[in-house]
Structures are given as C-alpha cells and as structure tokens.
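File shown: protein_20.pdb. Contents: PDB, C-alpha atoms, pLDDT in the B column.
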ATOM      1  CA  MET A   1       7.175 119.610  13.644  1.00 53.00           C
ATOM      2  CA  SER A   2       6.995 116.555  15.730  1.00 54.00           C
ATOM      3  CA  LYS A   3       8.799 116.191  19.033  1.00 55.00           C
ATOM      4  CA  ASN A   4      10.829 113.269  17.688  1.00 58.00           C
ATOM      5  CA  PHE A   5      12.159 115.359  14.814  1.00 62.00           C
ATOM      6  CA  ILE A   6      13.255 118.156  17.117  1.00 62.00           C
ATOM      7  CA  LEU A   7      15.008 115.737  19.500  1.00 60.00           C
ATOM      8  CA  GLY A   8      16.804 114.126  16.583  1.00 60.00           C
ATOM      9  CA  VAL A   9      18.161 117.469  15.356  1.00 58.00           C
ATOM     10  CA  MET A  10      19.393 118.375  18.852  1.00 66.00           C
ATOM     11  CA  LEU A  11      21.152 115.021  19.150  1.00 60.00           C
ATOM     12  CA  ILE A  12      22.965 115.517  15.850  1.00 66.00           C
ATOM     13  CA  LEU A  13      24.068 119.020  16.866  1.00 61.00           C
ATOM     14  CA  SER A  14      25.401 117.745  20.233  1.00 58.00           C
ATOM     15  CA  VAL A  15      27.499 115.054  18.524  1.00 53.00           C
ATOM     16  CA  CYS A  16      28.985 117.588  16.097  1.00 51.00           C
ATOM     17  CA  CYS A  17      29.901 120.047  18.882  1.00 51.00           C
ATOM     18  CA  GLY A  18      31.550 117.290  20.869  1.00 49.00           C
ATOM     19  CA  PHE A  19      33.660 116.179  17.909  1.00 46.00           C
ATOM     20  CA  THR A  20      34.827 119.750  17.292  1.00 47.00           C
ATOM     21  CA  ALA A  21      35.832 120.178  20.946  1.00 45.00           C
ATOM     22  CA  CYS A  22      37.912 116.993  20.854  1.00 44.00           C
ATOM     23  CA  ASN A  23      39.966 118.313  17.922  1.00 49.00           C
ATOM     24  CA  ASP A  24      40.572 121.727  19.529  1.00 46.00           C
ATOM     25  CA  ASN A  25      44.279 122.341  20.390  1.00 44.00           C
ATOM     26  CA  THR A  26      43.547 123.859  23.803  1.00 39.00           C
ATOM     27  CA  GLU A  27      46.496 123.548  26.341  1.00 40.00           C
ATOM     28  CA  VAL A  28      45.719 121.710  29.540  1.00 35.00           C
ATOM     29  CA  SER A  29      47.480 122.757  32.791  1.00 38.00           C
ATOM     30  CA  LEU A  30      48.970 120.049  34.983  1.00 36.00           C
ATOM     31  CA  PRO A  31      47.444 119.628  38.410  1.00 38.00           C
ATOM     32  CA  ASP A  32      49.617 120.857  41.296  1.00 42.00           C
ATOM     33  CA  GLU A  33      50.844 117.340  42.198  1.00 40.00           C
ATOM     34  CA  GLU A  34      51.800 116.575  38.595  1.00 42.00           C
ATOM     35  CA  ALA A  35      53.589 119.917  38.290  1.00 39.00           C
ATOM     36  CA  VAL A  36      55.682 119.084  41.360  1.00 35.00           C
ATOM     37  CA  SER A  37      56.598 115.665  39.986  1.00 41.00           C
ATOM     38  CA  ALA A  38      57.674 117.300  36.719  1.00 43.00           C
ATOM     39  CA  LEU A  39      60.405 119.305  38.492  1.00 43.00           C
ATOM     40  CA  SER A  40      63.967 118.407  37.639  1.00 43.00           C
ATOM     41  CA  PRO A  41      66.076 116.601  40.289  1.00 44.00           C
ATOM     42  CA  LYS A  42      68.136 119.775  40.744  1.00 42.00           C
ATOM     43  CA  GLU A  43      65.012 121.838  41.441  1.00 44.00           C
ATOM     44  CA  LYS A  44      63.788 119.201  43.893  1.00 44.00           C
ATOM     45  CA  ALA A  45      67.175 119.222  45.687  1.00 43.00           C
ATOM     46  CA  GLY A  46      67.064 122.990  45.956  1.00 46.00           C
ATOM     47  CA  GLU A  47      63.627 122.775  47.499  1.00 46.00           C
ATOM     48  CA  SER A  48      64.886 120.170  49.993  1.00 44.00           C
ATOM     49  CA  ASP A  49      67.875 122.333  50.948  1.00 46.00           C
ATOM     50  CA  THR A  50      65.584 125.265  51.584  1.00 47.00           C
ATOM     51  CA  THR A  51      63.311 123.114  53.727  1.00 50.00           C
ATOM     52  CA  ALA A  52      66.323 121.862  55.733  1.00 49.00           C
ATOM     53  CA  ALA A  53      67.572 125.405  56.271  1.00 49.00           C
ATOM     54  CA  ILE A  54      64.156 126.558  57.448  1.00 53.00           C
ATOM     55  CA  SER A  55      63.855 123.570  59.802  1.00 69.00           C
ATOM     56  CA  GLY A  56      67.121 124.595  61.524  1.00 86.00           C
ATOM     57  CA  GLN A  57      69.165 121.486  60.764  1.00 93.00           C
ATOM     58  CA  ILE A  58      72.961 121.631  61.072  1.00 94.00           C
ATOM     59  CA  VAL A  59      75.692 119.239  59.944  1.00 96.00           C
ATOM     60  CA  VAL A  60      78.764 118.297  62.010  1.00 95.00           C
ATOM     61  CA  TYR A  61      81.744 115.961  61.622  1.00 96.00           C
ATOM     62  CA  VAL A  62      82.342 113.643  64.595  1.00 96.00           C
ATOM     63  CA  ASN A  63      85.706 111.865  64.599  1.00 95.00           C
ATOM     64  CA  GLY A  64      88.565 110.669  66.773  1.00 94.00           C
ATOM     65  CA  ALA A  65      87.922 108.157  69.553  1.00 95.00           C
ATOM     66  CA  VAL A  66      84.278 107.424  68.654  1.00 96.00           C
ATOM     67  CA  LYS A  67      82.803 104.150  67.434  1.00 97.00           C
ATOM     68  CA  ARG A  68      81.313 105.427  64.155  1.00 97.00           C
ATOM     69  CA  PRO A  69      83.153 108.520  62.897  1.00 97.00           C
ATOM     70  CA  GLY A  70      81.232 110.411  60.243  1.00 96.00           C
ATOM     71  CA  VAL A  71      79.053 113.347  59.253  1.00 97.00           C
ATOM     72  CA  TYR A  72      75.803 113.720  61.203  1.00 97.00           C
ATOM     73  CA  THR A  73      72.772 115.994  61.011  1.00 97.00           C
ATOM     74  CA  LEU A  74      71.429 117.562  64.190  1.00 96.00           C
ATOM     75  CA  LYS A  75      69.092 120.397  65.132  1.00 95.00           C
ATOM     76  CA  GLN A  76      70.128 123.861  66.198  1.00 93.00           C
ATOM     77  CA  GLY A  77      70.548 123.918  69.955  1.00 94.00           C
ATOM     78  CA  ASP A  78      71.709 120.295  70.203  1.00 96.00           C
ATOM     79  CA  ARG A  79      74.734 119.507  72.392  1.00 95.00           C
ATOM     80  CA  ILE A  80      78.029 117.758  71.720  1.00 94.00           C
ATOM     81  CA  TYR A  81      77.021 114.722  73.761  1.00 96.00           C
ATOM     82  CA  GLN A  82      74.105 114.185  71.362  1.00 96.00           C
ATOM     83  CA  ALA A  83      76.434 114.286  68.353  1.00 96.00           C
ATOM     84  CA  ILE A  84      78.792 111.785  70.007  1.00 96.00           C
ATOM     85  CA  ASN A  85      75.873 109.496  70.833  1.00 97.00           C
ATOM     86  CA  MET A  86      74.864 109.544  67.151  1.00 97.00           C
ATOM     87  CA  ALA A  87      78.420 108.429  66.359  1.00 97.00           C
ATOM     88  CA  GLY A  88      77.998 105.388  68.593  1.00 97.00           C
ATOM     89  CA  GLY A  89      79.544 106.945  71.692  1.00 96.00           C
ATOM     90  CA  MET A  90      83.174 107.115  72.786  1.00 96.00           C
ATOM     91  CA  THR A  91      85.583 104.211  72.577  1.00 96.00           C
ATOM     92  CA  ALA A  92      87.383 102.745  75.599  1.00 95.00           C
ATOM     93  CA  LYS A  93      90.518 104.708  74.663  1.00 94.00           C
ATOM     94  CA  ALA A  94      88.757 108.095  74.736  1.00 94.00           C
ATOM     95  CA  LYS A  95      89.711 110.781  77.252  1.00 91.00           C
ATOM     96  CA  LYS A  96      86.137 111.394  78.315  1.00 90.00           C
ATOM     97  CA  ASP A  97      86.724 114.555  80.354  1.00 88.00           C
ATOM     98  CA  ALA A  98      88.837 116.257  77.686  1.00 85.00           C
ATOM     99  CA  ILE A  99      85.813 117.586  75.805  1.00 87.00           C
ATOM    100  CA  ASN A 100      82.899 119.738  76.948  1.00 87.00           C
ATOM    101  CA  LEU A 101      79.892 117.490  76.357  1.00 93.00           C
ATOM    102  CA  ALA A 102      77.458 120.286  77.243  1.00 91.00           C
ATOM    103  CA  GLU A 103      78.722 122.645  74.532  1.00 88.00           C
ATOM    104  CA  THR A 104      76.185 123.654  71.879  1.00 91.00           C
ATOM    105  CA  VAL A 105      77.102 122.383  68.410  1.00 92.00           C
ATOM    106  CA  THR A 106      77.430 124.725  65.428  1.00 91.00           C
ATOM    107  CA  ASP A 107      77.061 124.082  61.725  1.00 93.00           C
ATOM    108  CA  ALA A 108      80.168 122.566  60.049  1.00 91.00           C
ATOM    109  CA  GLN A 109      81.792 121.969  63.459  1.00 91.00           C
ATOM    110  CA  ASN A 110      84.585 119.405  63.722  1.00 90.00           C
ATOM    111  CA  ILE A 111      84.025 117.450  66.938  1.00 93.00           C
ATOM    112  CA  TYR A 112      87.227 115.555  67.733  1.00 92.00           C
ATOM    113  CA  VAL A 113      87.457 113.200  70.719  1.00 93.00           C
ATOM    114  CA  MET A 114      91.044 112.662  71.868  1.00 89.00           C
ATOM    115  CA  THR A 115      92.392 109.389  73.193  1.00 93.00           C
ATOM    116  CA  THR A 116      93.988 109.343  76.643  1.00 91.00           C
ATOM    117  CA  LYS A 117      97.431 109.036  75.035  1.00 91.00           C
ATOM    118  CA  GLU A 118      96.809 111.987  72.711  1.00 88.00           C
ATOM    119  CA  TYR A 119      95.678 114.067  75.676  1.00 86.00           C
ATOM    120  CA  GLN A 120      98.758 113.191  77.733  1.00 87.00           C
ATOM    121  CA  ASP A 121     101.103 113.892  74.797  1.00 84.00           C
ATOM    122  CA  ASN A 122      99.383 117.220  74.248  1.00 79.00           C
ATOM    123  CA  GLN A 123      99.764 118.226  77.893  1.00 77.00           C
ATOM    124  CA  THR A 124     103.457 117.263  77.860  1.00 74.00           C
ATOM    125  CA  GLU A 125     103.990 119.406  74.785  1.00 69.00           C
ATOM    126  CA  ILE A 126     102.242 122.382  76.392  1.00 61.00           C
ATOM    127  CA  HIS A 127     104.299 122.150  79.578  1.00 59.00           C
ATOM    128  CA  SER A 128     107.492 121.763  77.593  1.00 58.00           C
ATOM    129  CA  SER A 129     106.637 124.826  75.542  1.00 55.00           C
ATOM    130  CA  GLN A 130     105.863 126.858  78.663  1.00 53.00           C
ATOM    131  CA  GLY A 131     109.156 125.757  80.216  1.00 52.00           C
ATOM    132  CA  ASN A 132     111.089 126.826  77.140  1.00 54.00           C
ATOM    133  CA  ASP A 133     109.368 130.203  77.156  1.00 49.00           C
ATOM    134  CA  MET A 134     110.261 130.758  80.815  1.00 48.00           C
ATOM    135  CA  GLN A 135     113.849 129.735  80.151  1.00 51.00           C
ATOM    136  CA  THR A 136     114.024 132.168  77.235  1.00 55.00           C
ATOM    137  CA  ASP A 137     112.651 135.028  79.343  1.00 79.00           C
ATOM    138  CA  LEU A 138     115.268 134.616  82.091  1.00 91.00           C
ATOM    139  CA  VAL A 139     118.038 137.222  82.199  1.00 93.00           C
ATOM    140  CA  ASN A 140     121.531 135.736  82.176  1.00 93.00           C
ATOM    141  CA  ILE A 141     123.453 137.911  84.634  1.00 94.00           C
ATOM    142  CA  ASN A 142     126.751 136.608  83.219  1.00 92.00           C
ATOM    143  CA  THR A 143     126.112 137.806  79.666  1.00 92.00           C
ATOM    144  CA  ALA A 144     123.332 140.425  79.762  1.00 92.00           C
ATOM    145  CA  ASP A 145     124.132 143.977  78.700  1.00 93.00           C
ATOM    146  CA  LYS A 146     123.090 147.071  80.622  1.00 90.00           C
ATOM    147  CA  ASP A 147     119.756 147.518  78.840  1.00 90.00           C
ATOM    148  CA  THR A 148     118.763 143.903  79.457  1.00 91.00           C
ATOM    149  CA  LEU A 149     119.717 144.078  83.131  1.00 93.00           C
ATOM    150  CA  THR A 150     117.577 147.166  83.654  1.00 90.00           C
ATOM    151  CA  ARG A 151     114.488 145.114  82.737  1.00 89.00           C
ATOM    152  CA  LEU A 152     114.810 143.414  86.117  1.00 91.00           C
ATOM    153  CA  PRO A 153     112.755 144.974  88.931  1.00 89.00           C
ATOM    154  CA  GLY A 154     114.831 147.214  91.161  1.00 86.00           C
ATOM    155  CA  ILE A 155     117.786 147.260  88.757  1.00 90.00           C
ATOM    156  CA  GLY A 156     118.389 150.714  87.352  1.00 87.00           C
ATOM    157  CA  GLN A 157     121.227 152.088  85.234  1.00 89.00           C
ATOM    158  CA  SER A 158     123.657 152.400  88.145  1.00 87.00           C
ATOM    159  CA  LYS A 159     123.079 148.877  89.497  1.00 90.00           C
ATOM    160  CA  ALA A 160     123.250 147.412  85.984  1.00 92.00           C
ATOM    161  CA  ALA A 161     126.604 149.156  85.500  1.00 92.00           C
ATOM    162  CA  ALA A 162     127.766 147.814  88.876  1.00 92.00           C
ATOM    163  CA  ILE A 163     126.871 144.242  87.828  1.00 94.00           C
ATOM    164  CA  ILE A 164     128.889 144.556  84.633  1.00 92.00           C
ATOM    165  CA  THR A 165     131.846 146.077  86.528  1.00 92.00           C
ATOM    166  CA  TYR A 166     131.729 143.221  89.042  1.00 93.00           C
ATOM    167  CA  ARG A 167     131.845 140.649  86.218  1.00 92.00           C
ATOM    168  CA  GLU A 168     134.834 142.382  84.644  1.00 91.00           C
ATOM    169  CA  GLU A 169     136.769 142.581  87.913  1.00 91.00           C
ATOM    170  CA  ASN A 170     135.805 139.253  89.527  1.00 91.00           C
ATOM    171  CA  GLY A 171     134.812 136.996  86.664  1.00 90.00           C
ATOM    172  CA  LEU A 172     131.451 135.392  85.975  1.00 92.00           C
ATOM    173  CA  PHE A 173     128.947 134.677  88.728  1.00 92.00           C
ATOM    174  CA  SER A 174     129.165 131.046  89.881  1.00 91.00           C
ATOM    175  CA  SER A 175     125.672 131.157  91.438  1.00 92.00           C
ATOM    176  CA  LYS A 176     122.668 133.444  91.275  1.00 92.00           C
ATOM    177  CA  GLU A 177     123.156 134.490  94.903  1.00 92.00           C
ATOM    178  CA  ASP A 178     126.588 135.874  94.064  1.00 93.00           C
ATOM    179  CA  ILE A 179     124.830 138.901  92.604  1.00 94.00           C
ATOM    180  CA  LYS A 180     124.299 140.050  96.201  1.00 92.00           C
ATOM    181  CA  ASN A 181     128.066 140.731  96.285  1.00 93.00           C
ATOM    182  CA  VAL A 182     127.432 143.630  93.907  1.00 92.00           C
ATOM    183  CA  SER A 183     127.251 146.977  95.668  1.00 87.00           C
ATOM    184  CA  GLY A 184     123.638 148.127  96.099  1.00 85.00           C
ATOM    185  CA  ILE A 185     122.052 144.697  95.674  1.00 90.00           C
ATOM    186  CA  GLY A 186     120.847 143.269  98.981  1.00 86.00           C
ATOM    187  CA  ASP A 187     118.470 140.547 100.112  1.00 86.00           C
ATOM    188  CA  ALA A 188     115.328 142.527  99.214  1.00 83.00           C
ATOM    189  CA  THR A 189     116.462 143.211  95.646  1.00 87.00           C
ATOM    190  CA  TYR A 190     117.626 139.628  95.205  1.00 90.00           C
ATOM    191  CA  ALA A 191     114.248 138.275  96.381  1.00 88.00           C
ATOM    192  CA  ASN A 192     112.555 140.310  93.642  1.00 88.00           C
ATOM    193  CA  ILE A 193     114.805 139.040  90.842  1.00 92.00           C
ATOM    194  CA  GLU A 194     115.720 135.510  91.979  1.00 90.00           C
ATOM    195  CA  ASP A 195     113.167 133.781  89.745  1.00 90.00           C
ATOM    196  CA  LEU A 196     113.971 136.031  86.786  1.00 92.00           C
ATOM    197  CA  ILE A 197     117.701 135.469  86.476  1.00 93.00           C
ATOM    198  CA  THR A 198     120.055 132.659  85.500  1.00 93.00           C
ATOM    199  CA  ILE A 199     123.789 132.122  85.193  1.00 91.00           C
ATOM    200  CA  LYS A 200     123.577 129.670  82.246  1.00 85.00           C
TER     201      LYS A 200
END
When written as structure tokens, how does the structure in this file appear?
Amino acid sequence: MSKNFILGVMLILSVCCGFTACNDNTEVSLPDEEAVSALSPKEKAGESDTTAAISGQIVVYVNGAVKRPGVYTLKQGDRIYQAINMAGGMTAKAKKDAINLAETVTDAQNIYVMTTKEYQDNQTEIHSSQGNDMQTDLVNINTADKDTLTRLPGIGQSKAAAIITYREENGLFSSKEDIKNVSGIGDATYANIEDLITIK
C-alpha cells in the first residue's frame, strides 16, 4: 500500500470518531465558578449569613437623641461611642453623660440616647418614688398596733403597750417628740427611732 492510501484511511477514521463523540450524551460538570452562580438567592443569602457570623459582625439599634437613628452593623468588641458615631453622633439636646460611651456593644442591643429633659424627668420620677417608699415605711405612732410598733429599734412588747396606753389616756401625739413622754422612752431611744416614725 502506498503512504497516501494509509493516510487517507486514517483521516476518514478520525472524522468518524469525532462525529460519534459529538453525538454522545455525556453529562458535563459545571466549573466551580459556574456552580456558585447557579445557586439560588436563598442559598447565597445563607452563605452570606454564615460568613457574617464567622467574621464576628453584630447588629445594634441606635435611637433617641442621635442624628441618624437606625440599625447599624459593627464588629464584636466595638464600643457604644462607635455605634453612636455611625448614627451621626448625638444631637444638641442629648444628655451626653447619661450613657456609658465606653461600654462594649452586644448583638441586638438597643442603644438609646436620652435628651436632657428626658434625663431630668427620669431623675425626678426616681426621687419621687424613693420618697413615697420612705413615707410608706414610716411607722405612724398614732395609729400603729403593737406588732407594728415593735418593728422599731429599742421598742419591745412592753414599750409598745405603753405607747398604746398613752394614746388611749392622753389622746394622739401632736409631735414625734411627744413619744418621749411615754414611760421607758428617753432621748437615746427617741434618737434611734426619730427618722422612722411619723404622726400623720
């Protein structure tokens, strides 16, 4: 056989094999980049959330007397002053020393900056509440029964009975100091109970 004949046969066989390969239903895998792009939006979001969690990001809500209230993303270990700066800083009405700017922020934290008026109103309410509690805790020596009177320091069963007897025989006390007229209650005992009793 001649060389030309042999080369011709080989060429024909190569063309036939190539045609057969083109019609083969072999599956082709997507490259890594194409596979990533084929993910659904939900899968991509899940991947992003995981990345954010691993990176240590946290989300806080900054509101109140700041220039741009809203939700902001920070890093673990960041401080409140950084969150407030992201919100544009405090307004002129803010009570700047009413919040600990050096405090470390935590995820889902609500960072509220009070105005000066809100702070003052809050303090007034606290003092009023404390005053009411103190008033409630005072023992009214004109109406208290024996058990209540014995809660006072230095007032036992006998002195409590003497106080009640004095009220029955002499009428109600007109001043707190009048309790010293009761037998057994002197200056020392009165000094211990003066701030704990009332006649109203």
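One finds CA of Gly56 in chain A at 28.6 Å from CA of Lys96 in chain A.
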(message) For a test of reading the model, state the distance in Å between CA of Asn140 in chain A and CA of Lys200 in chain A, rounded to one decimal.
(response) 6.4 Å
(request) Name the residues in contact with Ile111 in chain A at a cut-off of 7 Å, using all atoms listed in the file, excluding same-chain residues fewer than 2 positions from it; report them as a VMD selection string. (result) chain A and resid 61 to 63 109 113
Could you give me, as a short mmCIF file (atom, residue, chain, number, x, y, z; two decimals) with C-alpha atoms, keeping the file's coordinate frame, the residues that sit within 10 Å of (112.3, 147.9, 92.8) in the file's coordinates, counting all atoms listed in the file?
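Result file result09.cif:
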data_model
loop_
_atom_site.label_atom_id
_atom_site.label_comp_id
_atom_site.auth_asym_id
_atom_site.auth_seq_id
_atom_site.Cartn_x
_atom_site.Cartn_y
_atom_site.Cartn_z
CA LEU A 152 114.81 143.41 86.12
CA PRO A 153 112.76 144.97 88.93
CA GLY A 154 114.83 147.21 91.16
CA ILE A 155 117.79 147.26 88.76
CA GLY A 156 118.39 150.71 87.35
CA ALA A 188 115.33 142.53 99.21
CA THR A 189 116.46 143.21 95.65
CA ASN A 192 112.56 140.31 93.64
CA ILE A 193 114.80 139.04 90.84
#
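Atom pair CA of Tyr81 in chain A / CA of Gln57 in chain A: separated by 16.6 Å.
The smallest atom-to-atom distance between Arg68 in chain A and any of A:Thr165, A:Asn122, A:Thr198, A:Thr91, using only C-alpha atoms, is found for A:Thr91.
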(message) Residue by residue, what does the PyMOL selection byres ((chain A and resi 94) around 8) grab here? Present the result as a PyMOL selection string.
(response) chain A and resi 65-66+90-93+95-96+113-116
(message) Which residues are close to Glu194 in chain A, i.e. within 10 Å by all atoms listed in the file, leaving aside same-chain residues fewer than 3 positions away? Reply as a count of residues only.
(response) 11
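Nearest residue to Glu168 in chain A among A:Thr143, A:Val60, A:Asp107, A:Ala102 is A:Thr143, counting only C-alpha atoms.
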(request) Identify which of the residues A:Phe173, A:Ile99, A:Gly70, A:Gln120 lies closest to Ala87 in chain A, counting only C-alpha atoms when measuring atom-to-atom distances. (result) A:Gly70
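When only C-alpha atoms are used to compute distances to Ile164 in chain A, the closest of the residues A:Asn142, A:Thr148, A:Asn181, A:Gln76 turns out to be A:Asn142.
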